[in-house]
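Student: Next comes the structure file my_file.pdb, holding PDB, C-alpha atoms and all ligand atoms.
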```pdb
ATOM      1  CA  MET A   1      36.546  31.477 -10.925
ATOM      2  CA  SER A   2      33.104  32.542  -9.841
ATOM      3  CA  PHE A   3      31.267  31.386  -6.737
ATOM      4  CA  TYR A   4      28.077  31.346  -8.725
ATOM      5  CA  GLN A   5      27.141  29.289 -11.689
ATOM      6  CA  GLN A   6      23.737  29.339 -13.313
ATOM      7  CA  GLU A   7      22.327  26.782 -15.679
ATOM      8  CA  THR A   8      18.994  26.829 -17.475
ATOM      9  CA  PHE A   9      17.179  23.510 -17.704
ATOM     10  CA  VAL A  10      14.400  22.857 -20.210
ATOM     11  CA  LEU A  11      11.869  20.216 -19.226
ATOM     12  CA  MET A  12       9.072  18.486 -21.120
ATOM     13  CA  THR A  13       6.068  16.960 -19.397
ATOM     14  CA  LEU A  14       5.479  13.332 -20.402
ATOM     15  CA  ASP A  15       2.272  13.146 -18.350
ATOM     16  CA  PRO A  16      -0.094  15.807 -17.089
ATOM     17  CA  VAL A  17       1.516  17.458 -14.052
ATOM     18  CA  HIS A  18      -0.557  18.502 -11.068
ATOM     19  CA  ILE A  19       1.068  20.630  -8.369
ATOM     20  CA  GLY A  20      -1.929  21.510  -6.252
ATOM     21  CA  THR A  21      -2.456  24.697  -4.307
ATOM     22  CA  GLY A  22      -3.633  22.503  -1.450
ATOM     23  CA  GLY A  23      -6.854  24.457  -1.115
ATOM     24  CA  MET A  24     -10.132  23.777  -2.815
ATOM     25  CA  ARG A  25     -11.461  26.487  -5.046
ATOM     26  CA  LEU A  26     -14.941  27.399  -6.138
ATOM     27  CA  GLY A  27     -15.420  27.607  -9.881
ATOM     28  CA  ARG A  28     -14.361  25.436 -12.753
ATOM     29  CA  VAL A  29     -12.287  22.901 -10.862
ATOM     30  CA  ASP A  30     -12.046  21.567  -7.336
ATOM     31  CA  ASN A  31      -8.283  21.132  -7.205
ATOM     32  CA  SER A  32      -6.483  23.967  -8.911
ATOM     33  CA  ILE A  33      -2.773  24.162  -9.669
ATOM     34  CA  VAL A  34      -0.142  26.671  -8.593
ATOM     35  CA  ARG A  35       0.048  29.822 -10.710
ATOM     36  CA  GLU A  36       2.348  32.783 -10.902
ATOM     37  CA  PRO A  37       0.637  35.759  -9.318
ATOM     38  CA  GLY A  38      -0.218  38.574 -11.703
ATOM     39  CA  VAL A  39       0.095  36.778 -15.011
ATOM     40  CA  ARG A  40      -1.818  33.771 -13.650
ATOM     41  CA  LEU A  41       0.321  31.328 -15.582
ATOM     42  CA  PRO A  42       0.646  27.819 -14.156
ATOM     43  CA  LYS A  43       4.128  26.868 -12.990
ATOM     44  CA  ILE A  44       5.934  24.166 -11.097
ATOM     45  CA  PRO A  45       7.297  25.787  -7.945
ATOM     46  CA  GLY A  46      11.009  25.440  -7.287
ATOM     47  CA  THR A  47      10.245  24.009  -3.858
ATOM     48  CA  SER A  48       8.337  21.079  -5.395
ATOM     49  CA  LEU A  49      11.126  20.466  -7.886
ATOM     50  CA  SER A  50      13.756  20.701  -5.194
ATOM     51  CA  GLY A  51      11.922  18.161  -2.992
ATOM     52  CA  ALA A  52      11.580  15.646  -5.817
ATOM     53  CA  ILE A  53      15.140  16.117  -7.092
ATOM     54  CA  ARG A  54      16.533  15.711  -3.573
ATOM     55  CA  GLN A  55      14.561  12.517  -3.110
ATOM     56  CA  TYR A  56      15.748  11.018  -6.400
ATOM     57  CA  ALA A  57      19.354  12.053  -5.790
ATOM     58  CA  ALA A  58      19.100  10.290  -2.420
ATOM     59  CA  TYR A  59      17.786   7.163  -4.199
ATOM     60  CA  ARG A  60      20.746   7.228  -6.530
ATOM     61  CA  TYR A  61      23.157   7.724  -3.685
ATOM     62  CA  GLU A  62      21.396   4.893  -1.830
ATOM     63  CA  SER A  63      20.922   7.058   1.242
ATOM     64  CA  LEU A  64      17.162   7.348   1.641
ATOM     65  CA  ARG A  65      17.448   9.137   4.988
ATOM     66  CA  CYS A  66      18.895  12.130   3.144
ATOM     67  CA  ALA A  67      15.621  12.642   1.219
ATOM     68  CA  GLY A  68      12.751  14.669   2.623
ATOM     69  CA  ALA A  69      12.734  17.381   5.250
ATOM     70  CA  GLY A  70      15.094  15.491   7.548
ATOM     71  CA  GLN A  71      13.051  15.492  10.747
ATOM     72  CA  GLU A  72      14.054  12.835  13.174
ATOM     73  CA  ASN A  73      11.235  10.854  14.743
ATOM     74  CA  LYS A  74      12.257   8.143  17.183
ATOM     75  CA  GLU A  75       8.723   6.717  17.548
ATOM     76  CA  LYS A  76       8.388   6.230  13.832
ATOM     77  CA  LYS A  77      11.999   5.038  13.631
ATOM     78  CA  GLN A  78      12.616   7.839  11.185
ATOM     79  CA  GLU A  79      16.214   8.953  10.872
ATOM     80  CA  GLY A  80      17.121  12.500  10.009
ATOM     81  CA  HIS A  81      19.533  13.570   7.275
ATOM     82  CA  CYS A  82      22.930  11.852   7.557
ATOM     83  CA  ARG A  83      24.708  15.255   7.979
ATOM     84  CA  ASP A  84      27.910  13.740   6.734
ATOM     85  CA  ALA A  85      30.173  16.456   5.380
ATOM     86  CA  LYS A  86      30.991  14.076   2.527
ATOM     87  CA  CYS A  87      27.378  13.376   1.573
ATOM     88  CA  PRO A  88      26.659  14.934  -1.833
ATOM     89  CA  VAL A  89      22.912  15.097  -1.142
ATOM     90  CA  CYS A  90      23.271  16.900   2.195
ATOM     91  CA  TYR A  91      25.975  19.180   0.816
ATOM     92  CA  THR A  92      23.839  20.134  -2.170
ATOM     93  CA  PHE A  93      20.482  20.582  -0.469
ATOM     94  CA  GLY A  94      21.501  21.331   3.111
ATOM     95  CA  TYR A  95      20.394  19.512   6.215
ATOM     96  CA  LEU A  96      18.599  19.868   9.485
ATOM     97  CA  LYS A  97      20.626  19.369  12.616
ATOM     98  CA  GLY A  98      18.260  18.901  15.542
ATOM     99  CA  GLN A  99      18.489  21.657  18.138
ATOM    100  CA  GLU A 100      21.743  23.070  16.836
ATOM    101  CA  GLY A 101      20.300  24.244  13.548
ATOM    102  CA  GLY A 102      21.612  22.970  10.258
ATOM    103  CA  GLN A 103      23.483  23.817   7.153
ATOM    104  CA  SER A 104      22.010  25.466   4.095
ATOM    105  CA  GLY A 105      22.410  23.944   0.666
ATOM    106  CA  THR A 106      24.530  25.107  -2.220
ATOM    107  CA  VAL A 107      21.918  25.202  -4.976
ATOM    108  CA  ASN A 108      18.889  27.311  -5.595
ATOM    109  CA  ILE A 109      16.244  25.814  -7.871
ATOM    110  CA  GLY A 110      13.910  28.325  -9.477
ATOM    111  CA  ASP A 111      10.302  27.816 -10.539
ATOM    112  CA  ALA A 112       9.730  25.966 -13.799
ATOM    113  CA  ARG A 113       7.828  28.303 -16.113
ATOM    114  CA  ILE A 114       6.097  27.607 -19.408
ATOM    115  CA  LEU A 115       8.148  28.009 -22.584
ATOM    116  CA  LEU A 116       5.908  26.278 -25.130
ATOM    117  CA  PHE A 117       2.362  25.160 -24.440
ATOM    118  CA  PRO A 118       0.492  22.606 -26.623
ATOM    119  CA  VAL A 119      -2.938  23.505 -27.998
ATOM    120  CA  HIS A 120      -5.218  21.758 -30.486
ATOM    121  CA  SER A 121      -5.857  23.518 -33.774
ATOM    122  CA  LEU A 122      -7.441  22.571 -37.083
ATOM    123  CA  THR A 123      -3.962  21.906 -38.494
ATOM    124  CA  GLY A 124      -3.140  19.574 -35.604
ATOM    125  CA  PRO A 125      -1.284  20.333 -32.401
ATOM    126  CA  VAL A 126       0.637  23.605 -32.191
ATOM    127  CA  TRP A 127       2.773  24.980 -29.350
ATOM    128  CA  VAL A 128       2.145  28.587 -28.309
ATOM    129  CA  THR A 129       4.688  30.996 -26.920
ATOM    130  CA  SER A 130       4.808  34.779 -26.465
ATOM    131  CA  PRO A 131       7.264  37.694 -26.799
ATOM    132  CA  GLY A 132       7.524  38.028 -22.997
ATOM    133  CA  ILE A 133       8.670  34.430 -22.667
ATOM    134  CA  LEU A 134      11.217  34.688 -25.485
ATOM    135  CA  ARG A 135      12.577  37.876 -23.918
ATOM    136  CA  GLU A 136      13.630  35.814 -20.882
ATOM    137  CA  PHE A 137      15.953  33.992 -23.302
ATOM    138  CA  GLY A 138      17.322  37.228 -24.720
ATOM    139  CA  VAL A 139      15.222  37.061 -27.903
ATOM    140  CA  THR A 140      13.309  40.220 -28.717
ATOM    141  CA  GLY A 141      10.441  40.618 -31.160
ATOM    142  CA  ASP A 142       7.266  42.559 -31.878
ATOM    143  CA  ASP A 143       4.039  41.983 -30.038
ATOM    144  CA  PRO A 144       1.657  40.264 -32.499
ATOM    145  CA  GLY A 145      -1.376  42.021 -30.983
ATOM    146  CA  GLU A 146      -4.591  40.114 -31.655
ATOM    147  CA  GLN A 147      -2.988  38.018 -34.382
ATOM    148  CA  VAL A 148      -1.207  34.695 -34.338
ATOM    149  CA  ARG A 149       2.126  34.363 -36.117
ATOM    150  CA  LEU A 150       2.748  30.973 -37.737
ATOM    151  CA  PRO A 151       5.909  29.241 -38.887
ATOM    152  CA  GLN A 152       6.279  28.685 -42.616
ATOM    153  CA  SER A 153       6.415  24.949 -42.022
ATOM    154  CA  LEU A 154       2.696  24.992 -41.165
ATOM    155  CA  GLY A 155       1.826  26.245 -44.659
ATOM    156  CA  ARG A 156      -0.292  29.263 -45.455
ATOM    157  CA  HIS A 157      -3.371  29.971 -43.387
ATOM    158  CA  SER A 158      -5.481  33.095 -43.137
ATOM    159  CA  HIS A 159      -6.689  32.070 -39.677
ATOM    160  CA  LEU A 160      -5.835  29.575 -36.989
ATOM    161  CA  ASN A 161      -7.848  28.386 -34.048
ATOM    162  CA  LEU A 162      -6.222  27.773 -30.683
ATOM    163  CA  GLY A 163      -8.810  25.629 -28.964
ATOM    164  CA  TRP A 164     -12.007  27.668 -29.214
ATOM    165  CA  LEU A 165     -10.236  30.930 -30.032
ATOM    166  CA  MET A 166     -10.016  31.890 -33.751
ATOM    167  CA  LEU A 167      -7.221  34.300 -34.630
ATOM    168  CA  GLU A 168      -6.151  35.974 -37.845
ATOM    169  CA  ALA A 169      -2.704  34.911 -39.034
ATOM    170  CA  GLY A 170      -0.087  37.671 -39.048
ATOM    171  CA  GLN A 171       3.487  37.727 -40.307
ATOM    172  CA  ALA A 172       5.499  34.527 -40.388
ATOM    173  CA  PHE A 173       7.264  33.461 -37.211
ATOM    174  CA  ASP A 174      10.192  31.131 -36.968
ATOM    175  CA  TRP A 175      11.370  29.686 -33.724
ATOM    176  CA  PRO A 176      14.582  31.498 -32.696
ATOM    177  CA  ASP A 177      17.789  29.617 -33.435
ATOM    178  CA  ALA A 178      19.105  30.748 -30.067
ATOM    179  CA  ILE A 179      16.805  28.283 -28.293
ATOM    180  CA  GLN A 180      17.724  24.965 -29.854
ATOM    181  CA  VAL A 181      16.842  22.745 -26.950
ATOM    182  CA  ALA A 182      13.198  22.343 -28.027
ATOM    183  CA  PRO A 183      12.735  19.200 -30.168
ATOM    184  CA  ALA A 184      12.540  19.948 -33.905
ATOM    185  CA  GLU A 185       8.986  18.599 -34.285
ATOM    186  CA  ILE A 186       7.826  21.109 -31.666
ATOM    187  CA  ARG A 187       9.892  24.034 -32.981
ATOM    188  CA  GLU A 188       8.329  23.542 -36.421
ATOM    189  CA  ARG A 189       4.851  23.887 -34.919
ATOM    190  CA  ALA A 190       5.586  26.817 -32.582
ATOM    191  CA  VAL A 191       3.271  29.821 -32.962
ATOM    192  CA  LEU A 192       3.569  33.273 -31.396
ATOM    193  CA  ILE A 193       0.758  35.189 -29.701
ATOM    194  CA  SER A 194       0.735  38.238 -27.423
ATOM    195  CA  ASP A 195       1.498  37.886 -23.712
ATOM    196  CA  LYS A 196      -2.094  38.798 -22.911
ATOM    197  CA  LEU A 197      -3.580  36.136 -25.188
ATOM    198  CA  PHE A 198      -0.981  33.619 -24.017
ATOM    199  CA  SER A 199      -2.280  33.632 -20.467
ATOM    200  CA  GLN A 200      -5.854  33.277 -21.761
ATOM    201  CA  VAL A 201      -5.013  30.428 -24.147
ATOM    202  CA  VAL A 202      -3.010  28.516 -21.526
ATOM    203  CA  ASN A 203      -5.669  28.841 -18.858
ATOM    204  CA  SER A 204      -8.449  27.686 -21.151
ATOM    205  CA  ASN A 205      -6.494  24.694 -22.463
ATOM    206  CA  LEU A 206      -5.266  23.109 -19.263
ATOM    207  CA  GLU A 207      -6.019  19.472 -18.710
ATOM    208  CA  VAL A 208      -9.130  19.131 -16.547
ATOM    209  CA  ARG A 209     -10.083  15.674 -15.396
ATOM    210  CA  THR A 210     -12.802  14.224 -13.295
ATOM    211  CA  SER A 211     -12.116  11.469 -10.856
ATOM    212  CA  VAL A 212     -13.782   9.691  -7.979
ATOM    213  CA  SER A 213     -12.641   9.532  -4.396
ATOM    214  CA  ILE A 214     -11.872   6.079  -3.113
ATOM    215  CA  ASP A 215     -13.273   5.173   0.281
ATOM    216  CA  PRO A 216     -10.215   4.089   2.315
ATOM    217  CA  ASP A 217     -12.287   1.556   4.320
ATOM    218  CA  THR A 218     -14.018  -0.282   1.517
ATOM    219  CA  GLY A 219     -11.591   0.437  -1.333
ATOM    220  CA  ALA A 220     -14.585   1.268  -3.508
ATOM    221  CA  ALA A 221     -15.569   4.567  -5.065
ATOM    222  CA  SER A 222     -17.273   6.829  -2.558
ATOM    223  CA  GLU A 223     -20.778   7.706  -3.606
ATOM    224  CA  GLY A 224     -21.268  11.259  -4.794
ATOM    225  CA  LYS A 225     -17.570  12.038  -4.415
ATOM    226  CA  LEU A 226     -16.654  13.101  -7.918
ATOM    227  CA  PHE A 227     -13.981  15.736  -8.069
ATOM    228  CA  THR A 228     -12.242  17.631 -10.842
ATOM    229  CA  TYR A 229      -8.633  18.665 -10.985
ATOM    230  CA  GLU A 230      -6.525  20.586 -13.426
ATOM    231  CA  ALA A 231      -3.020  19.889 -14.641
ATOM    232  CA  ILE A 232      -0.343  21.184 -16.983
ATOM    233  CA  PRO A 233      -0.879  18.974 -20.066
ATOM    234  CA  ARG A 234       1.489  16.415 -21.519
ATOM    235  CA  ALA A 235       4.118  17.782 -23.989
ATOM    236  CA  THR A 236       4.389  21.202 -22.348
ATOM    237  CA  LEU A 237       7.919  22.654 -22.359
ATOM    238  CA  LEU A 238       9.042  24.459 -19.236
ATOM    239  CA  TRP A 239      12.308  26.055 -18.201
ATOM    240  CA  MET A 240      13.967  26.696 -14.889
ATOM    241  CA  ASP A 241      17.173  28.241 -13.660
ATOM    242  CA  VAL A 242      19.380  26.453 -11.180
ATOM    243  CA  VAL A 243      22.018  28.512  -9.388
ATOM    244  CA  GLU A 244      24.959  26.772  -7.812
ATOM    245  CA  ASP A 245      26.295  28.911  -4.991
ATOM    246  CA  GLU A 246      29.555  27.590  -3.601
ATOM    247  CA  PHE A 247      29.653  30.187  -0.854
ATOM    248  CA  ARG A 248      31.956  28.050   1.247
ATOM    249  CA  ARG A 249      34.737  28.374  -1.266
ATOM    250  CA  ASP A 250      37.854  29.962   0.151
ATOM    251  CA  PRO A 251      38.082  33.506  -1.296
ATOM    252  CA  GLN A 252      41.897  33.359  -1.039
ATOM    253  CA  ASN A 253      41.941  30.187  -3.033
ATOM    254  CA  PRO A 254      38.725  30.105  -5.083
ATOM    255  CA  GLY A 255      39.835  27.239  -7.296
ATOM    256  CA  ASN A 256      39.835  25.006  -4.261
ATOM    257  CA  SER A 257      36.194  23.993  -3.930
ATOM    258  CA  PRO A 258      34.993  22.591  -0.629
ATOM    259  CA  TRP A 259      32.953  20.061  -2.613
ATOM    260  CA  PRO A 260      33.556  17.112  -0.351
ATOM    261  CA  VAL A 261      32.758  14.209  -2.527
ATOM    262  CA  SER A 262      34.697  11.882  -4.632
ATOM    263  CA  GLN A 263      33.979   8.252  -5.157
ATOM    264  CA  ALA A 264      37.104   7.338  -3.270
ATOM    265  CA  LYS A 265      36.395   9.629  -0.337
ATOM    266  CA  SER A 266      32.802   8.668   0.221
ATOM    267  CA  GLY A 267      33.166   4.966  -0.457
ATOM    268  CA  LYS A 268      29.569   5.023  -1.697
ATOM    269  CA  PRO A 269      28.621   3.509  -5.014
ATOM    270  CA  PHE A 270      27.578   5.799  -7.784
ATOM    271  CA  PRO A 271      25.190   4.270 -10.274
ATOM    272  CA  ASN A 272      26.387   3.635 -13.820
ATOM    273  CA  GLY A 273      29.908   4.631 -12.898
ATOM    274  CA  GLU A 274      28.954   8.314 -12.960
ATOM    275  CA  THR A 275      30.861  10.799 -10.868
ATOM    276  CA  TRP A 276      29.274  13.675  -9.089
ATOM    277  CA  THR A 277      31.738  16.485  -9.393
ATOM    278  CA  SER A 278      29.621  19.394  -8.172
ATOM    279  CA  PRO A 279      26.221  20.241  -6.676
ATOM    280  CA  LEU A 280      24.911  20.785 -10.226
ATOM    281  CA  SER A 281      25.778  17.203 -11.115
ATOM    282  CA  VAL A 282      23.713  16.016  -8.135
ATOM    283  CA  ILE A 283      20.792  18.048  -9.502
ATOM    284  CA  LYS A 284      21.197  16.424 -12.906
ATOM    285  CA  ALA A 285      21.330  12.935 -11.421
ATOM    286  CA  GLY A 286      18.136  13.526  -9.413
ATOM    287  CA  LEU A 287      16.347  15.281 -12.248
ATOM    288  CA  GLY A 288      17.092  12.359 -14.562
ATOM    289  CA  LEU A 289      14.896  10.127 -12.408
ATOM    290  CA  ALA A 290      11.903  12.510 -12.654
ATOM    291  CA  GLU A 291      11.436  11.049 -16.123
ATOM    292  CA  TYR A 292      10.476   7.733 -14.511
ATOM    293  CA  LEU A 293       9.229   8.656 -11.048
ATOM    294  CA  GLY A 294       7.501  11.949 -11.717
ATOM    295  CA  ILE A 295       6.843  15.035  -9.652
ATOM    296  CA  GLY A 296       3.772  16.441  -7.989
ATOM    297  CA  GLY A 297       0.470  14.887  -7.063
ATOM    298  CA  MET A 298      -1.676  12.146  -8.594
ATOM    299  CA  GLY A 299       1.370   9.987  -9.344
ATOM    300  CA  THR A 300      -0.713   6.856  -8.881
ATOM    301  CA  ARG A 301      -3.096   8.124 -11.552
ATOM    302  CA  GLY A 302      -0.356   8.314 -14.164
ATOM    303  CA  PHE A 303       0.641  11.928 -13.549
ATOM    304  CA  GLY A 304       3.907  13.756 -13.183
ATOM    305  CA  ARG A 305       6.659  12.338 -15.388
ATOM    306  CA  VAL A 306       8.960  15.109 -16.634
ATOM    307  CA  ARG A 307      11.879  14.725 -19.049
ATOM    308  CA  TRP A 308      14.919  16.935 -18.829
ATOM    309  CA  LEU A 309      15.885  17.917 -22.372
ATOM    310  CA  SER A 310      19.616  18.304 -22.404
ATOM    311  CA  GLU A 311      21.402  20.319 -25.043
ATOM    312  CA  GLU A 312      22.698  17.112 -26.609
ATOM    313  CA  ALA A 313      19.239  15.595 -26.937
ATOM    314  CA  SER A 314      18.073  18.424 -29.172
ATOM    315  CA  GLN A 315      20.676  17.929 -31.872
TER     316      GLN A 315
HETATM  317 ZN    ZN B 401      23.242  12.940   3.625
END
```
For the file at hand, write its structure as structure tokens.
Ligand SMILES: [Zn+2]

Tutor:
Amino acid sequence: MSFYQQETFVLMTLDPVHIGTGGMRLGRVDNSIVREPGVRLPKIPGTSLSGAIRQYAAYRYESLRCAGAGQENKEKKQEGHCRDAKCPVCYTFGYLKGQEGGQSGTVNIGDARILLFPVHSLTGPVWVTSPGILREFGVTGDDPGEQVRLPQSLGRHSHLNLGWLMLEAGQAFDWPDAIQVAPAEIRERAVLISDKLFSQVVNSNLEVRTSVSIDPDTGAASEGKLFTYEAIPRATLLWMDVVEDEFRRDPQNPGNSPWPVSQAKSGKPFPNGETWTSPLSVIKAGLGLAEYLGIGGMGTRGFGRVRWLSEEASQ
């Protein structure tokens, strides 16, 4: 039995998702989103995902103090993490322990990176992907160069526009069977472009919105305070790896997990009669709520809901 277990999660945005860089930027938008250095592709950082998933897992476990960074603040009557060895949230994500340090968690949540990105075309919406992305899933294929490769289900076209960019259609492309988790209606409209064009197409088709600042004193729009912000658009598919690292497992007896939680032991209610049998199941429980509660900024403006597409849901 291995100490490590890795699972790949595929997510679909139900709203635009804005994970801001925190800084203002000169140029096209005021509030830009986090990108991967080098390729400049937008992503949802693992730290943001981890924070949201922890919070929602704490909601489900009905232990709100175990959400967040866990700082104690007596003036604000803020309790720190519960630090109970039997708490599934603290065991999974780790906890702070005042002066004495803390305990690290048993999962590592990677960044969520784009798998399929929606773009408008004359034949309706299509989802772009690239050979570099498919390679991450063990699928290899030729670089389509300056062409776009279309699935047969889109019919025959000599050219296809992706937003403002017109490309010549190359050989047919069919979404690899190995990656079934994408919904069929998206797989049938998946097109392949080169890695270089992919970054260009994504960055010129992000959601950019304009909003007004609200004056906190009057509750009215502040004059002259328009600002723009960008977001990963609705119906983008992203993927992330989650590694469960049960490093506390006894090497002499690896089948005997130190996972401390069972319904009987903890005495805490689990919603819907579910049982959390491992740190990964805590991740799944928290992630399930992101579909309703969202991640990232601008939640009050209808941003951030993300659906976890399980293997079952795709069949
Ligand atoms: Zn706890």

Student: List all protein, DNA and RNA residues that have at least one atom no more than 6 Å from any atom of ligand ZN 401 (chain B), counting all atoms listed in the file, and write them as a list in words.

Tutor: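 Answer in the requested format: Cys66, His81, Cys82, Arg83, Asp84, Cys87, Val89 and Cys90 of chain A.
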
Student: Using only C-alpha atoms, find the one residue out of A:Gly105, A:Gly38, A:Gly219, A:Pro16 that sits nearest to Arg234 of chain A.

Tutor: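 Checking each candidate against Arg234 of chain A, we get A:Pro16 as the closest.
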
Student: Residues picked by the PyMOL selection byres (((chain A and resi 123-139) around 7) and not hetatm) here, as JSON, numbers by chain?

Tutor: {"A": [115, 116, 117, 118, 119, 120, 121, 122, 140, 141, 143, 186, 189, 190, 191, 192, 193, 194, 195, 198]}

Student: Taking every listed atom of segment 164-170 of chain A and adding 6 Å to each side, what centre and edge lengths in Å (one decimal) does the axis-aligned box have, as lines of an AutoDock Vina configuration file?

Tutor:
```
center_x = -6.0
center_y = 32.7
center_z = -34.1
size_x = 23.9
size_y = 22.0
size_z = 21.8
```

Student: Could you give me, as a PyMOL selection string, the residues within 8 Å of segment 244-248 of chain A, counting all atoms listed in the file and dropping anything in the same chain fewer than 6 positions from it?

Tutor: chain A and resi 3-6+106-108+257-258+279-280

Student: Determine the nearest neighbour of Val242 of chain A from the options A:Asp15, A:Glu75, A:Asp111, A:Asp174, counting all atoms listed in the file.

Tutor: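 For Val242 of chain A, the nearest of the candidates is A:Asp111.
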
Student: I'd like the interatomic distance between atom CA of Leu226 of chain A and atom CA of Pro45 of chain A, to a tenth of an Å.

Tutor: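 Computed distance, atom CA of Leu226 of chain A to atom CA of Pro45 of chain A, equals 27.1 Å.
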
Student: Expressed in Å to a single decimal, how great is the separation between atom CA of Gly101 of chain A and atom CA of Gly80 of chain A?

Tutor: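 Result for atom CA of Gly101 of chain A versus atom CA of Gly80 of chain A: 12.7 Å, one decimal.
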
Student: Mind pulling up the distance from atom CA of Leu289 of chain A to atom CA of Leu14 of chain A?

Tutor: 12.8 Å

Student: Name the residues that the PyMOL selection byres (((chain A and resi 237) around 10) and not hetatm) pulls out of this structure, and write them as a VMD selection string.

Tutor: chain A and resid 10 to 14 112 to 118 127 182 to 183 186 232 to 236 238 to 239 306 to 309

Student: What residues come out when you apply the PyMOL selection byres (((chain A and resi 67-69) around 6) and not hetatm) to this file, written as a list in words?

Tutor: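 Applying the expression gives Arg54, Gln55, Ala58, Leu64, Arg65, Cys66, Gly70 and Gln71 of chain A.
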
Student: For Val29 of chain A, which of A:Lys43, A:Arg209, A:Arg149, A:Lys86 is the closest residue, counting only C-alpha atoms?

Tutor: A:Arg209

Student: Here's a test: counting all atoms listed in the file, identify every protein, DNA and RNA residue with an atom at most 10 Å from (-0.8, 30.7, -16.3) in the file's coordinate frame, and state them as an NGL selection string.

Tutor: :A and (33-43 or 113-114 or 198-204 or 206 or 232)

Student: Could you check which of A:Pro88, A:Val17, A:Gly110, A:Leu197 is closest to Thr277 of chain A, using only C-alpha atoms?

Tutor: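 Among A:Pro88, A:Val17, A:Gly110, A:Leu197, it is A:Pro88 that comes nearest to Thr277 of chain A.
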
Student: Rank nothing, just name the residue among A:Lys284, A:Arg187, A:His159, A:Lys77 nearest to Ile53 of chain A, using all atoms listed in the file.

Tutor: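 Counting all atoms listed in the file, the residue closest to Ile53 of chain A is A:Lys284.
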